[in-house]
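The data block below is coords-v3.txt; it holds compact mmCIF, C-alpha atoms (C1' of nucleotides) and all ligand atoms.
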```
# COMPACT_ATOMS: atom_id res chain seq x y z
CA MET A 1217 0.00 0.00 0.00
CA ARG A 1218 2.56 2.53 -1.11
CA LEU A 1219 2.61 5.08 -3.88
CA SER A 1220 5.51 4.67 -6.27
CA GLU A 1221 8.53 6.88 -5.88
CA GLY A 1222 7.75 8.29 -9.30
CA VAL A 1223 4.92 10.29 -7.78
CA GLU A 1224 7.26 12.25 -5.56
CA TRP A 1225 9.68 12.77 -8.44
CA THR A 1226 7.18 13.96 -11.00
CA VAL A 1227 5.29 16.25 -8.65
CA HIS A 1228 8.58 17.89 -7.78
CA CYS A 1229 9.43 18.17 -11.46
CA CYS A 1230 6.10 19.86 -12.15
CA THR A 1231 6.62 22.42 -9.39
CA LEU A 1232 9.99 23.20 -10.91
CA LEU A 1233 8.48 23.48 -14.39
CA ALA A 1234 5.80 25.76 -12.97
CA GLY A 1235 8.47 28.24 -12.00
CA LEU A 1236 10.12 28.35 -15.38
CA PRO A 1237 9.83 31.30 -17.78
CA PRO A 1238 7.23 30.80 -20.53
CA ASP A 1239 8.48 28.81 -23.54
CA ALA A 1240 11.28 27.32 -21.45
CA ALA A 1241 11.59 23.56 -21.23
CA LEU A 1242 13.70 21.17 -19.20
CA SER A 1243 14.89 17.80 -20.45
CA ALA A 1244 14.54 14.63 -18.41
CA LYS A 1245 18.30 14.64 -18.07
CA LYS A 1246 18.36 18.10 -16.51
CA LEU A 1247 15.41 17.37 -14.26
CA ALA A 1248 17.15 14.22 -13.06
CA GLU A 1249 20.30 16.20 -12.41
CA PHE A 1250 18.38 18.78 -10.40
CA PHE A 1251 16.77 16.19 -8.16
CA ASP A 1252 19.59 13.65 -8.25
CA VAL A 1253 17.50 10.73 -9.43
CA PRO A 1254 18.11 8.11 -12.17
CA PRO A 1255 17.73 9.94 -15.53
CA ASP A 1256 16.37 7.07 -17.60
CA TYR A 1257 13.81 6.09 -15.03
CA LEU A 1258 12.65 9.65 -14.49
CA ALA A 1259 12.32 9.93 -18.27
CA LYS A 1260 9.91 6.99 -18.22
CA HIS A 1261 7.81 8.71 -15.60
CA MET A 1262 7.80 12.01 -17.47
CA GLN A 1263 6.58 10.20 -20.54
CA GLN A 1264 3.62 9.03 -18.49
CA MET A 1265 3.00 12.64 -17.50
CA SER A 1266 3.08 13.51 -21.17
CA LYS A 1267 0.60 10.79 -22.07
CA ALA A 1268 -1.66 12.08 -19.30
CA GLY A 1269 -1.64 15.51 -20.90
CA ILE A 1270 0.00 17.22 -17.95
CA VAL A 1271 3.17 18.25 -19.73
CA ASN A 1272 4.06 19.14 -23.30
CA THR A 1273 7.19 17.82 -24.91
CA LYS A 1274 9.56 19.25 -27.44
CA LYS A 1275 12.19 17.19 -29.17
CA GLY A 1276 15.67 18.25 -30.12
CA PRO A 1277 18.20 20.65 -28.62
CA ASN A 1278 16.73 23.00 -26.03
CA GLY A 1279 13.70 20.75 -26.00
CA GLY A 1280 12.27 18.93 -23.04
CA TYR A 1281 9.21 19.18 -20.84
CA SER A 1282 6.97 22.10 -19.99
CA LEU A 1283 3.56 22.36 -18.38
CA ALA A 1284 0.69 21.69 -20.76
CA LYS A 1285 -1.68 23.97 -18.86
CA PRO A 1286 -1.79 26.55 -16.08
CA ALA A 1287 -0.60 25.29 -12.71
CA ARG A 1288 -3.97 25.97 -11.13
CA ASP A 1289 -5.58 23.56 -13.59
CA ILE A 1290 -3.32 20.66 -12.64
CA THR A 1291 -4.36 18.83 -9.50
CA LEU A 1292 -2.31 16.61 -7.27
CA LEU A 1293 -4.73 13.84 -8.21
CA ASP A 1294 -3.92 14.35 -11.90
CA MET A 1295 -0.26 13.76 -11.20
CA VAL A 1296 -0.81 10.84 -8.84
CA GLU A 1297 -3.11 9.11 -11.30
CA ALA A 1298 -0.73 9.70 -14.20
CA ILE A 1299 1.88 7.62 -12.38
CA ASP A 1300 -0.06 5.23 -10.20
CA GLY A 1301 -3.25 4.74 -12.19
CA ARG A 1302 -6.90 5.03 -11.35
CA VAL A 1303 -7.73 1.62 -9.97
CA CYS A 1304 -9.07 1.36 -6.44
CA SER A 1305 -6.49 0.29 -3.88
CA PHE A 1306 -8.75 -2.54 -2.78
CA LYS A 1307 -8.80 -5.42 -5.18
CA CYS A 1308 -11.67 -7.81 -4.76
CA THR A 1309 -10.88 -11.39 -5.72
CA GLU A 1310 -14.46 -12.54 -5.18
CA ILE A 1311 -13.59 -15.12 -2.60
CA ARG A 1312 -17.24 -15.19 -1.61
CA GLN A 1313 -17.81 -17.24 -4.74
CA ARG A 1314 -15.38 -19.91 -3.66
CA GLY A 1315 -15.32 -22.61 -1.02
CA PRO A 1316 -18.14 -24.81 0.30
CA SER A 1317 -20.68 -21.97 0.38
CA GLY A 1318 -19.95 -20.61 -3.09
CA VAL A 1319 -22.81 -20.32 -5.54
CA SER A 1320 -22.94 -19.38 -9.19
CA PRO A 1321 -21.35 -16.02 -10.09
CA CYS A 1322 -24.57 -14.70 -11.59
CA SER A 1323 -26.07 -14.63 -8.09
CA TYR A 1324 -23.87 -11.62 -7.32
CA LYS A 1325 -25.05 -8.56 -9.15
CA THR A 1326 -23.42 -5.89 -7.01
CA PRO A 1327 -20.13 -5.65 -5.12
CA CYS A 1328 -20.57 -6.50 -1.47
CA GLY A 1329 -20.46 -4.11 1.47
CA ILE A 1330 -16.74 -4.57 1.99
CA ALA A 1331 -15.89 -3.61 -1.55
CA ARG A 1332 -18.32 -0.69 -1.45
CA ALA A 1333 -16.84 0.72 1.75
CA MET A 1334 -13.34 0.36 0.36
CA ARG A 1335 -14.27 2.12 -2.85
CA LYS A 1336 -15.93 4.93 -0.96
CA ALA A 1337 -12.76 5.45 1.06
CA ASP A 1338 -10.71 5.38 -2.12
CA GLN A 1339 -13.05 7.99 -3.54
CA VAL A 1340 -12.69 10.42 -0.63
CA TRP A 1341 -8.91 9.97 -0.88
CA ARG A 1342 -8.99 10.99 -4.52
CA ASP A 1343 -11.41 13.82 -3.81
CA GLU A 1344 -8.99 15.18 -1.24
CA LEU A 1345 -6.05 14.98 -3.64
CA ARG A 1346 -8.10 16.86 -6.21
CA LYS A 1347 -8.37 19.81 -3.85
CA THR A 1348 -4.68 20.61 -4.09
CA THR A 1349 -3.43 22.15 -7.31
CA LEU A 1350 0.05 22.59 -8.62
CA ALA A 1351 -0.43 26.31 -8.08
CA ASP A 1352 -1.04 25.66 -4.38
CA LEU A 1353 2.13 23.62 -4.14
CA GLN A 1354 4.05 26.27 -5.97
CA ILE A 1355 2.91 28.98 -3.56
CA ILE A 1356 3.73 26.83 -0.55
CA GLY A 1357 7.11 26.09 -2.07
CA LEU A 1358 7.89 29.74 -2.68
CA ARG A 1359 6.92 30.58 0.88
CA GLU A 1360 8.69 27.74 2.63
CA THR A 1361 11.80 26.99 0.64
CA PRO A 1362 14.89 28.18 2.53
CA PRO A 1363 16.35 31.33 0.86
CA GLU A 1364 19.70 29.63 0.46
CA GLN A 1365 18.15 26.82 -1.56
CA MET A 1366 16.09 29.22 -3.61
CA ASN A 1367 19.24 31.10 -4.60
CA LYS A 1368 21.08 27.95 -5.49
CA ALA A 1369 18.17 26.79 -7.63
CA ILE A 1370 17.91 30.11 -9.44
CA THR A 1371 21.63 30.15 -10.11
CA TRP A 1372 21.52 26.62 -11.48
CA LEU A 1373 18.57 27.44 -13.73
CA LYS A 1374 20.18 30.63 -15.01
CA GLY A 1375 23.21 28.61 -16.04
CA LEU A 1376 20.98 26.59 -18.33
CA PHE A 1377 19.19 29.35 -20.18
CA THR A 1378 22.22 31.38 -21.21
CA MET B 344 -0.72 1.22 -4.47
CA ARG B 345 -2.67 -1.85 -3.61
CA LEU B 346 -3.90 -3.29 -0.34
CA SER B 347 -2.69 -6.80 0.30
CA GLU B 348 -5.00 -9.69 -0.38
CA GLY B 349 -4.85 -10.46 3.32
CA VAL B 350 -7.18 -7.55 3.97
CA GLU B 351 -9.96 -9.10 1.92
CA TRP B 352 -9.38 -12.48 3.53
CA THR B 353 -9.32 -11.34 7.13
CA VAL B 354 -12.29 -9.02 6.82
CA HIS B 355 -14.27 -11.90 5.39
CA CYS B 356 -13.06 -14.12 8.22
CA CYS B 357 -14.19 -11.57 10.77
CA THR B 358 -17.67 -11.32 9.28
CA LEU B 359 -17.90 -15.09 9.47
CA LEU B 360 -16.69 -15.11 13.08
CA ALA B 361 -19.23 -12.40 13.87
CA GLY B 362 -22.00 -14.80 12.90
CA LEU B 363 -20.80 -17.63 15.08
CA PRO B 364 -22.51 -18.68 18.33
CA PRO B 365 -20.83 -17.32 21.47
CA ASP B 366 -17.83 -19.34 22.67
CA ALA B 367 -17.43 -20.90 19.26
CA ALA B 368 -14.09 -20.60 17.50
CA LEU B 369 -12.83 -21.43 14.04
CA SER B 370 -9.28 -22.55 13.29
CA ALA B 371 -7.20 -21.02 10.53
CA LYS B 372 -7.50 -24.31 8.70
CA LYS B 373 -11.29 -24.22 8.73
CA LEU B 374 -11.42 -20.56 7.78
CA ALA B 375 -9.10 -21.27 4.86
CA GLU B 376 -11.29 -24.14 3.80
CA PHE B 377 -14.40 -21.98 3.92
CA PHE B 378 -12.88 -19.29 1.72
CA ASP B 379 -10.65 -21.57 -0.33
CA VAL B 380 -7.40 -19.73 0.38
CA PRO B 381 -3.90 -20.99 1.38
CA PRO B 382 -4.21 -22.19 5.02
CA ASP B 383 -0.69 -21.35 6.18
CA TYR B 384 -0.75 -17.89 4.71
CA LEU B 385 -4.16 -17.10 6.12
CA ALA B 386 -2.88 -18.32 9.51
CA LYS B 387 -0.12 -15.70 9.32
CA HIS B 388 -2.67 -13.00 8.66
CA MET B 389 -4.93 -14.14 11.47
CA GLN B 390 -1.97 -13.97 13.82
CA GLN B 391 -1.64 -10.33 12.87
CA MET B 392 -5.30 -9.85 13.70
CA SER B 393 -4.62 -11.46 17.04
CA LYS B 394 -1.66 -9.18 17.74
CA ALA B 395 -3.86 -6.23 16.87
CA GLY B 396 -6.36 -7.31 19.50
CA ILE B 397 -9.17 -7.90 17.04
CA VAL B 398 -9.53 -11.62 17.63
CA ASN B 399 -8.92 -13.92 20.56
CA THR B 400 -7.19 -17.23 20.10
CA LYS B 401 -7.55 -20.56 21.80
CA LYS B 402 -5.07 -23.36 21.37
CA GLY B 403 -5.76 -27.04 21.15
CA PRO B 404 -8.67 -29.09 19.80
CA ASN B 405 -11.81 -27.07 19.14
CA GLY B 406 -9.65 -23.99 19.50
CA GLY B 407 -9.16 -21.29 16.93
CA TYR B 408 -10.15 -17.70 16.45
CA SER B 409 -13.09 -15.71 17.79
CA LEU B 410 -13.84 -12.01 17.94
CA ALA B 411 -12.15 -10.21 20.80
CA LYS B 412 -14.91 -7.61 21.09
CA PRO B 413 -18.39 -6.79 19.82
CA ALA B 414 -18.64 -6.41 16.05
CA ARG B 415 -19.78 -2.82 16.38
CA ASP B 416 -16.51 -1.96 18.14
CA ILE B 417 -14.34 -3.28 15.32
CA THR B 418 -13.92 -0.87 12.43
CA LEU B 419 -12.86 -1.60 8.90
CA LEU B 420 -9.86 0.61 9.59
CA ASP B 421 -8.86 -1.60 12.52
CA MET B 422 -8.75 -4.61 10.23
CA VAL B 423 -7.02 -2.81 7.37
CA GLU B 424 -4.34 -1.44 9.68
CA ALA B 425 -3.82 -4.81 11.34
CA ILE B 426 -2.75 -6.22 7.99
CA ASP B 427 -1.37 -3.29 6.05
CA GLY B 428 -0.01 -1.09 8.80
CA ARG B 429 -0.44 2.53 9.68
CA VAL B 430 2.15 4.26 7.56
CA CYS B 431 1.02 6.86 5.06
CA SER B 432 0.88 5.61 1.48
CA PHE B 433 3.12 8.48 0.38
CA LYS B 434 6.73 7.95 1.29
CA CYS B 435 8.85 11.05 1.19
CA THR B 436 12.48 10.44 0.25
CA GLU B 437 13.45 14.06 0.82
CA ILE B 438 14.71 14.62 -2.69
CA ARG B 439 14.53 18.34 -2.02
CA GLN B 440 17.70 17.91 -0.01
CA ARG B 441 19.60 16.48 -2.93
CA GLY B 442 20.99 17.80 -6.19
CA PRO B 443 22.56 21.16 -6.98
CA SER B 444 20.05 23.13 -4.93
CA GLY B 445 20.18 21.00 -1.82
CA VAL B 446 21.04 22.58 1.47
CA SER B 447 21.68 21.17 4.92
CA PRO B 448 18.92 18.93 6.28
CA CYS B 449 18.41 21.09 9.34
CA SER B 450 16.99 23.79 7.09
CA TYR B 451 13.84 21.71 6.73
CA LYS B 452 11.85 21.71 9.89
CA THR B 453 8.49 20.70 8.50
CA PRO B 454 7.37 18.38 5.70
CA CYS B 455 6.69 20.30 2.52
CA GLY B 456 3.31 21.02 0.99
CA ILE B 457 3.37 17.88 -1.14
CA ALA B 458 3.88 15.60 1.84
CA ARG B 459 1.28 17.50 3.86
CA ALA B 460 -1.37 17.19 1.14
CA MET B 461 -0.63 13.51 0.76
CA ARG B 462 -0.90 12.91 4.47
CA LYS B 463 -4.16 14.77 4.66
CA ALA B 464 -5.59 12.59 1.90
CA ASP B 465 -4.34 9.51 3.69
CA GLN B 466 -6.05 10.77 6.82
CA VAL B 467 -9.46 11.24 5.20
CA TRP B 468 -9.10 7.76 3.72
CA ARG B 469 -8.57 6.29 7.16
CA ASP B 470 -11.35 8.41 8.63
CA GLU B 471 -13.71 7.02 6.04
CA LEU B 472 -12.69 3.43 6.77
CA ARG B 473 -13.29 4.09 10.46
CA LYS B 474 -16.94 4.84 9.74
CA THR B 475 -17.72 1.27 8.76
CA THR B 476 -17.87 -1.31 11.52
CA LEU B 477 -17.87 -5.05 11.35
CA ALA B 478 -21.49 -4.91 12.55
CA ASP B 479 -22.36 -2.82 9.47
CA LEU B 480 -20.70 -5.35 7.20
CA GLN B 481 -22.47 -8.17 8.97
CA ILE B 482 -25.87 -6.54 8.48
CA ILE B 483 -25.16 -5.85 4.82
CA GLY B 484 -24.01 -9.43 4.40
CA LEU B 485 -27.13 -10.84 6.01
CA ARG B 486 -29.30 -8.70 3.79
CA GLU B 487 -27.49 -9.26 0.52
CA THR B 488 -26.13 -12.78 0.62
CA PRO B 489 -28.11 -15.03 -1.74
CA PRO B 490 -30.35 -17.42 0.26
CA GLU B 491 -28.78 -20.40 -1.44
CA GLN B 492 -25.34 -19.40 -0.21
CA MET B 493 -26.61 -18.64 3.26
CA ASN B 494 -28.05 -22.14 3.50
CA LYS B 495 -24.86 -23.75 2.28
CA ALA B 496 -22.83 -21.78 4.78
CA ILE B 497 -25.12 -22.67 7.68
CA THR B 498 -25.03 -26.33 6.72
CA TRP B 499 -21.25 -26.30 6.55
CA LEU B 500 -20.97 -24.59 9.93
CA LYS B 501 -23.41 -26.97 11.56
CA GLY B 502 -21.27 -29.86 10.40
CA LEU B 503 -18.40 -28.44 12.42
CA PHE B 504 -20.10 -27.92 15.74
CA THR B 505 -21.64 -31.36 16.14
C1' DT C 1425 -1.28 -39.57 25.79
C1' DA C 1426 -2.24 -38.37 21.18
C1' DA C 1427 -4.26 -35.02 18.40
C1' DT C 1428 -5.12 -30.27 17.66
C1' DA C 1429 -4.00 -25.50 17.01
C1' DA C 1430 -1.62 -21.01 17.62
C1' DC C 1431 2.87 -19.04 17.25
C1' DG C 1432 7.41 -17.58 15.53
C1' DG C 1433 11.21 -18.07 12.55
C1' DA C 1434 13.19 -19.44 8.32
C1' DT C 1435 12.94 -19.96 3.64
C1' DA C 1436 11.06 -20.30 -1.15
C1' DA C 1437 8.46 -18.71 -5.11
C1' DA C 1438 6.00 -15.26 -7.57
C1' DA C 1439 4.91 -10.76 -8.65
C1' DT C 1440 5.93 -5.95 -8.87
C1' DA C 1441 8.75 -1.92 -8.72
C1' DT C 1442 12.92 0.06 -9.96
C1' DA C 1443 16.51 0.83 -13.25
C1' DT C 1444 19.15 0.48 -17.53
C1' DC C 1445 19.87 0.02 -22.42
C1' DC C 1446 19.06 0.60 -27.33
C1' DG C 1447 17.18 1.86 -31.80
C1' DT C 1448 14.02 5.25 -33.87
C1' DT C 1449 12.18 9.68 -34.95
C1' DA C 1450 11.82 14.56 -34.62
C1' DT C 1451 14.07 18.96 -33.96
C1' DT C 1452 17.46 22.47 -33.91
C1' DA C 1453 21.93 24.81 -33.67
C1' DT C 1454 25.91 25.14 -36.34
C1' DA D 643 23.59 19.33 -44.82
C1' DT D 644 25.23 17.57 -40.59
C1' DA D 645 25.86 16.56 -35.90
C1' DA D 646 23.98 16.87 -31.52
C1' DT D 647 19.98 16.71 -28.71
C1' DA D 648 15.88 14.80 -26.80
C1' DA D 649 11.44 12.27 -26.51
C1' DC D 650 9.63 7.74 -27.27
C1' DG D 651 8.85 2.75 -27.19
C1' DG D 652 10.39 -1.79 -26.45
C1' DA D 653 13.30 -5.00 -24.36
C1' DT D 654 15.64 -6.39 -20.72
C1' DA D 655 17.97 -6.59 -15.99
C1' DT D 656 17.95 -5.95 -10.89
C1' DA D 657 15.92 -5.20 -6.45
C1' DT D 658 12.24 -5.32 -3.40
C1' DT D 659 7.90 -6.81 -1.80
C1' DT D 660 4.23 -9.91 -1.64
C1' DT D 661 2.65 -14.34 -1.43
C1' DA D 662 3.22 -18.96 0.13
C1' DT D 663 5.22 -22.95 2.47
C1' DC D 664 7.61 -25.44 6.04
C1' DC D 665 9.06 -26.68 10.66
C1' DG D 666 9.84 -26.86 15.59
C1' DT D 667 7.71 -25.23 19.95
C1' DT D 668 4.15 -24.52 23.29
C1' DA D 669 -0.42 -24.81 25.02
C1' DT D 670 -4.81 -27.20 25.32
C1' DT D 671 -8.10 -30.76 25.36
C1' DA D 672 -10.55 -34.97 24.16
S1 LIG A 1501 -17.76 -10.38 -0.70
FE1 LIG A 1501 -17.04 -8.31 -1.26
S2 LIG A 1501 -14.86 -8.24 -0.75
FE2 LIG A 1501 -15.53 -10.36 -0.64
S3 LIG A 1501 -14.99 -11.20 -2.58
FE3 LIG A 1501 -17.10 -10.50 -2.78
S4 LIG A 1501 -17.06 -8.35 -3.45
FE4 LIG A 1501 -14.97 -8.93 -2.81
S1 LIG A 1502 9.79 18.50 -0.75
FE1 LIG A 1502 8.11 17.39 0.23
S2 LIG A 1502 7.74 15.61 -1.05
FE2 LIG A 1502 9.67 16.51 -1.69
S3 LIG A 1502 11.18 15.38 -0.62
FE3 LIG A 1502 10.71 17.13 0.67
S4 LIG A 1502 9.01 16.55 2.05
FE4 LIG A 1502 9.20 14.98 0.41
```
Kindly present the structure from the file in structure tokens form.
Amino acid sequence: MRLSEGVEWTVHCCTLLAGLPPDAALSAKKLAEFFDVPPDYLAKHMQQMSKAGIVNTKKGPNGGYSLAKPARDITLLDMVEAIDGRVCSFKCTEIRQRGPSGVSPCSYKTPCGIARAMRKADQVWRDELRKTTLADLQIIGLRETPPEQMNKAITWLKGLFT
Amino acid sequence: MRLSEGVEWTVHCCTLLAGLPPDAALSAKKLAEFFDVPPDYLAKHMQQMSKAGIVNTKKGPNGGYSLAKPARDITLLDMVEAIDGRVCSFKCTEIRQRGPSGVSPCSYKTPCGIARAMRKADQVWRDELRKTTLADLQIIGLRETPPEQMNKAITWLKGLFT
DNA sequence: TAATAACGGATAAAATATATCCGTTATTAT
DNA sequence: ATAATAACGGATATATTTTATCCGTTATTA
């Protein structure tokens, strides 16, 4: 019951992209360098973000990833689901149909109470994640990032776009 | 991001135990037979339920598992946490401390906005699971289980306690 | 006293998550 | 034009976690 590491990586990448000047893009390689994570693996994750319509991509020199829409239109749920999918965390294997009391599958028209409660909980989890947007995270980041780190990051970014 | 199968198994086991006559117990072997799951593995899970204080155990012939408290005092969350633990599904690896913009760890006193939003979502998920009790599941089961299956189950159980 | 059953520890097997590699295509700076 | 860059997809490889089994011990009871 754990979200993949890729979620943390890509959400961080998006907050970084959100702070970039318009038209600027960052390659998977550069993003990986910034966060010190495996470049090839991060690239795979960013491709999922691309398929989910969260980021745009541009091939060739000076290409890379940029946000596909305004930060306030990208929710935390969007990013989580792009990496970890949309299936409910509870997987029902229909064990009620097995064993000495099992009856024919067609007797079960609806998921049982257990599955329903689990799905409801999954739903409120997703609803909560939908409440936070990338813009929110960006604002929190701007407010809470230590000045020293902010300077370092700006310096590093400037070195790229010159 | 998936709950272990053990959750489905043990919740089902608890609903079965909830329907048993007082003082009756069912062994892991019998429970496994009823649900057609691997006996040894289910036994491991039931031991976790025991450690969590959800079921009582009795050794020796006619021993086995029984509920440790009234069904209405056992929540779905209790059972989920007994098997899958209490740690938040989002694991923060503190990548903000790494890479060219990283600064000393002591600069970060609080978890960032991403981690906070994730934990909040995890919290509402658990809160929702806490709303459903084993008694609720039992009632739903009694109402929705096909009569044919109910009869089979009762017959099977009767065969054990004679 | 023999059978039963929980318990804990040690593996073993299977499945999934993490990570790397490579060839292809598109793009751009030179 | 050409060389370098970068996303993309597919094919692995490696590590970790989940699932499953096995065994010796202790407690209980018929
Ligand atoms: S009874 Fe509910 S949880 Fe159990 S197998 Fe059926 S749908 Fe799944
Ligand atoms: S910034 Fe937040 S999510 Fe990222 S590593 Fe730090 S606490 Fe974790």
Using the file's own x, y and z axes, so that the box edges lie along x, y and z, what centre and edge lengths in Å (one decimal) does a box around every listed atom of ligand LIG 1502 (chain A) get when 5 Å is added on each side? Give it as lines of an AutoDock Vina configuration file.
```
center_x = 9.5
center_y = 16.7
center_z = 0.2
size_x = 13.4
size_y = 13.5
size_z = 13.7
```
> Can you list, as a ChimeraX atom specification, every protein, DNA or RNA residue that comes within 10 Å of DA672 (chain D) when you count only C-alpha atoms (C1' of nucleotides), leaving out same-chain residues fewer than 2 positions away?
Replying inline: /B:403-405 /C:1426-1428 /D:670
> Got a sec: who's within 12 Å of DA1434 (chain C), counting all atoms listed in the file, leaving out chain neighbours fewer than 3 positions off, as a PyMOL selection string?
Replying inline: chain D and resi 663-666
>> What's around Phe1377 (chain A) at 10 Å? Count only C-alpha atoms (C1' of nucleotides), leave out sequence neighbours fewer than 3 positions away in its own chain, and write the answer as a list in words.
In response: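 The residues satisfying every condition are Pro1237, Ala1240, Ala1241, Leu1242, Asn1278, Trp1372, Leu1373 and Lys1374 of chain A.
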> In Å, with one decimal, what is the gap from CA of Cys1230 (chain A) to CA of Ala1351 (chain A)?
Replying inline: 10.0 Å
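The nearest approach to Arg429 (chain B) among the residues A:Lys1267, A:Lys1325, A:Lys1347, A:Arg1218, with all atoms listed in the file taken into account, belongs to A:Arg1218.
Every residue of chain B that lies within 6 Å of chain A is listed here, counting only C-alpha atoms: Met344, Arg345, Leu346, Phe377, Phe378, Asp379, Ser432, Phe433, Arg441, Gly442, Pro443, Ser444, Val446, Gly456, Ala464, Trp468, Glu471, Leu480, Gln492, Lys495 and Ala496 of chain B.
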> Which residue, B:Lys372, B:Arg459, B:Ile426, B:His388, has the smallest gap to ligand LIG 1502 (chain A) when you use only C-alpha atoms and all ligand atoms?
Replying inline: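 Checking each candidate against ligand LIG 1502 (chain A), we get B:Arg459 as the closest.
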>> Residues of chain D within 7 Å of chain B, counting all atoms listed in the file - could you list those as a PyMOL selection string?
In response: chain D and resi 662+669-671
>> Set the cut-off to 9 Å and count only C-alpha atoms (C1' of nucleotides): what are the residues of chain C that reach chain A? Output as a PyMOL selection string.
In response: chain C and resi 1441-1444+1450-1453
> Which of these, B:Thr353, B:Thr400, B:Gln390, B:Ser370, has the shortest distance to DG1432 (chain C) once you count only C-alpha atoms (C1' of nucleotides)?
Replying inline: B:Gln390
> How far is it from CA of Asp416 (chain B) to CA of Thr476 (chain B), in Å with one decimal?
Replying inline: 6.8 Å
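Going from atom FE4 of ligand LIG 1501 (chain A) to CA of Leu503 (chain B) covers 25.0 Å.
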> For ligand LIG 1501 (chain A), which of B:Pro448, B:Gln391, B:Leu485, B:Pro365 is the closest residue, counting only C-alpha atoms and all ligand atoms?
Replying inline: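 Checking each candidate against ligand LIG 1501 (chain A), we get B:Leu485 as the closest.
Once all atoms listed in the file are considered, the residues situated within 12 Å of the file point (14.4, 6.9, -34.8) turn out to be Lys1275 of chain A; DC1446, DG1447, DT1448, DT1449 and DA1450 of chain C; DA648, DA649, DC650 and DG651 of chain D.
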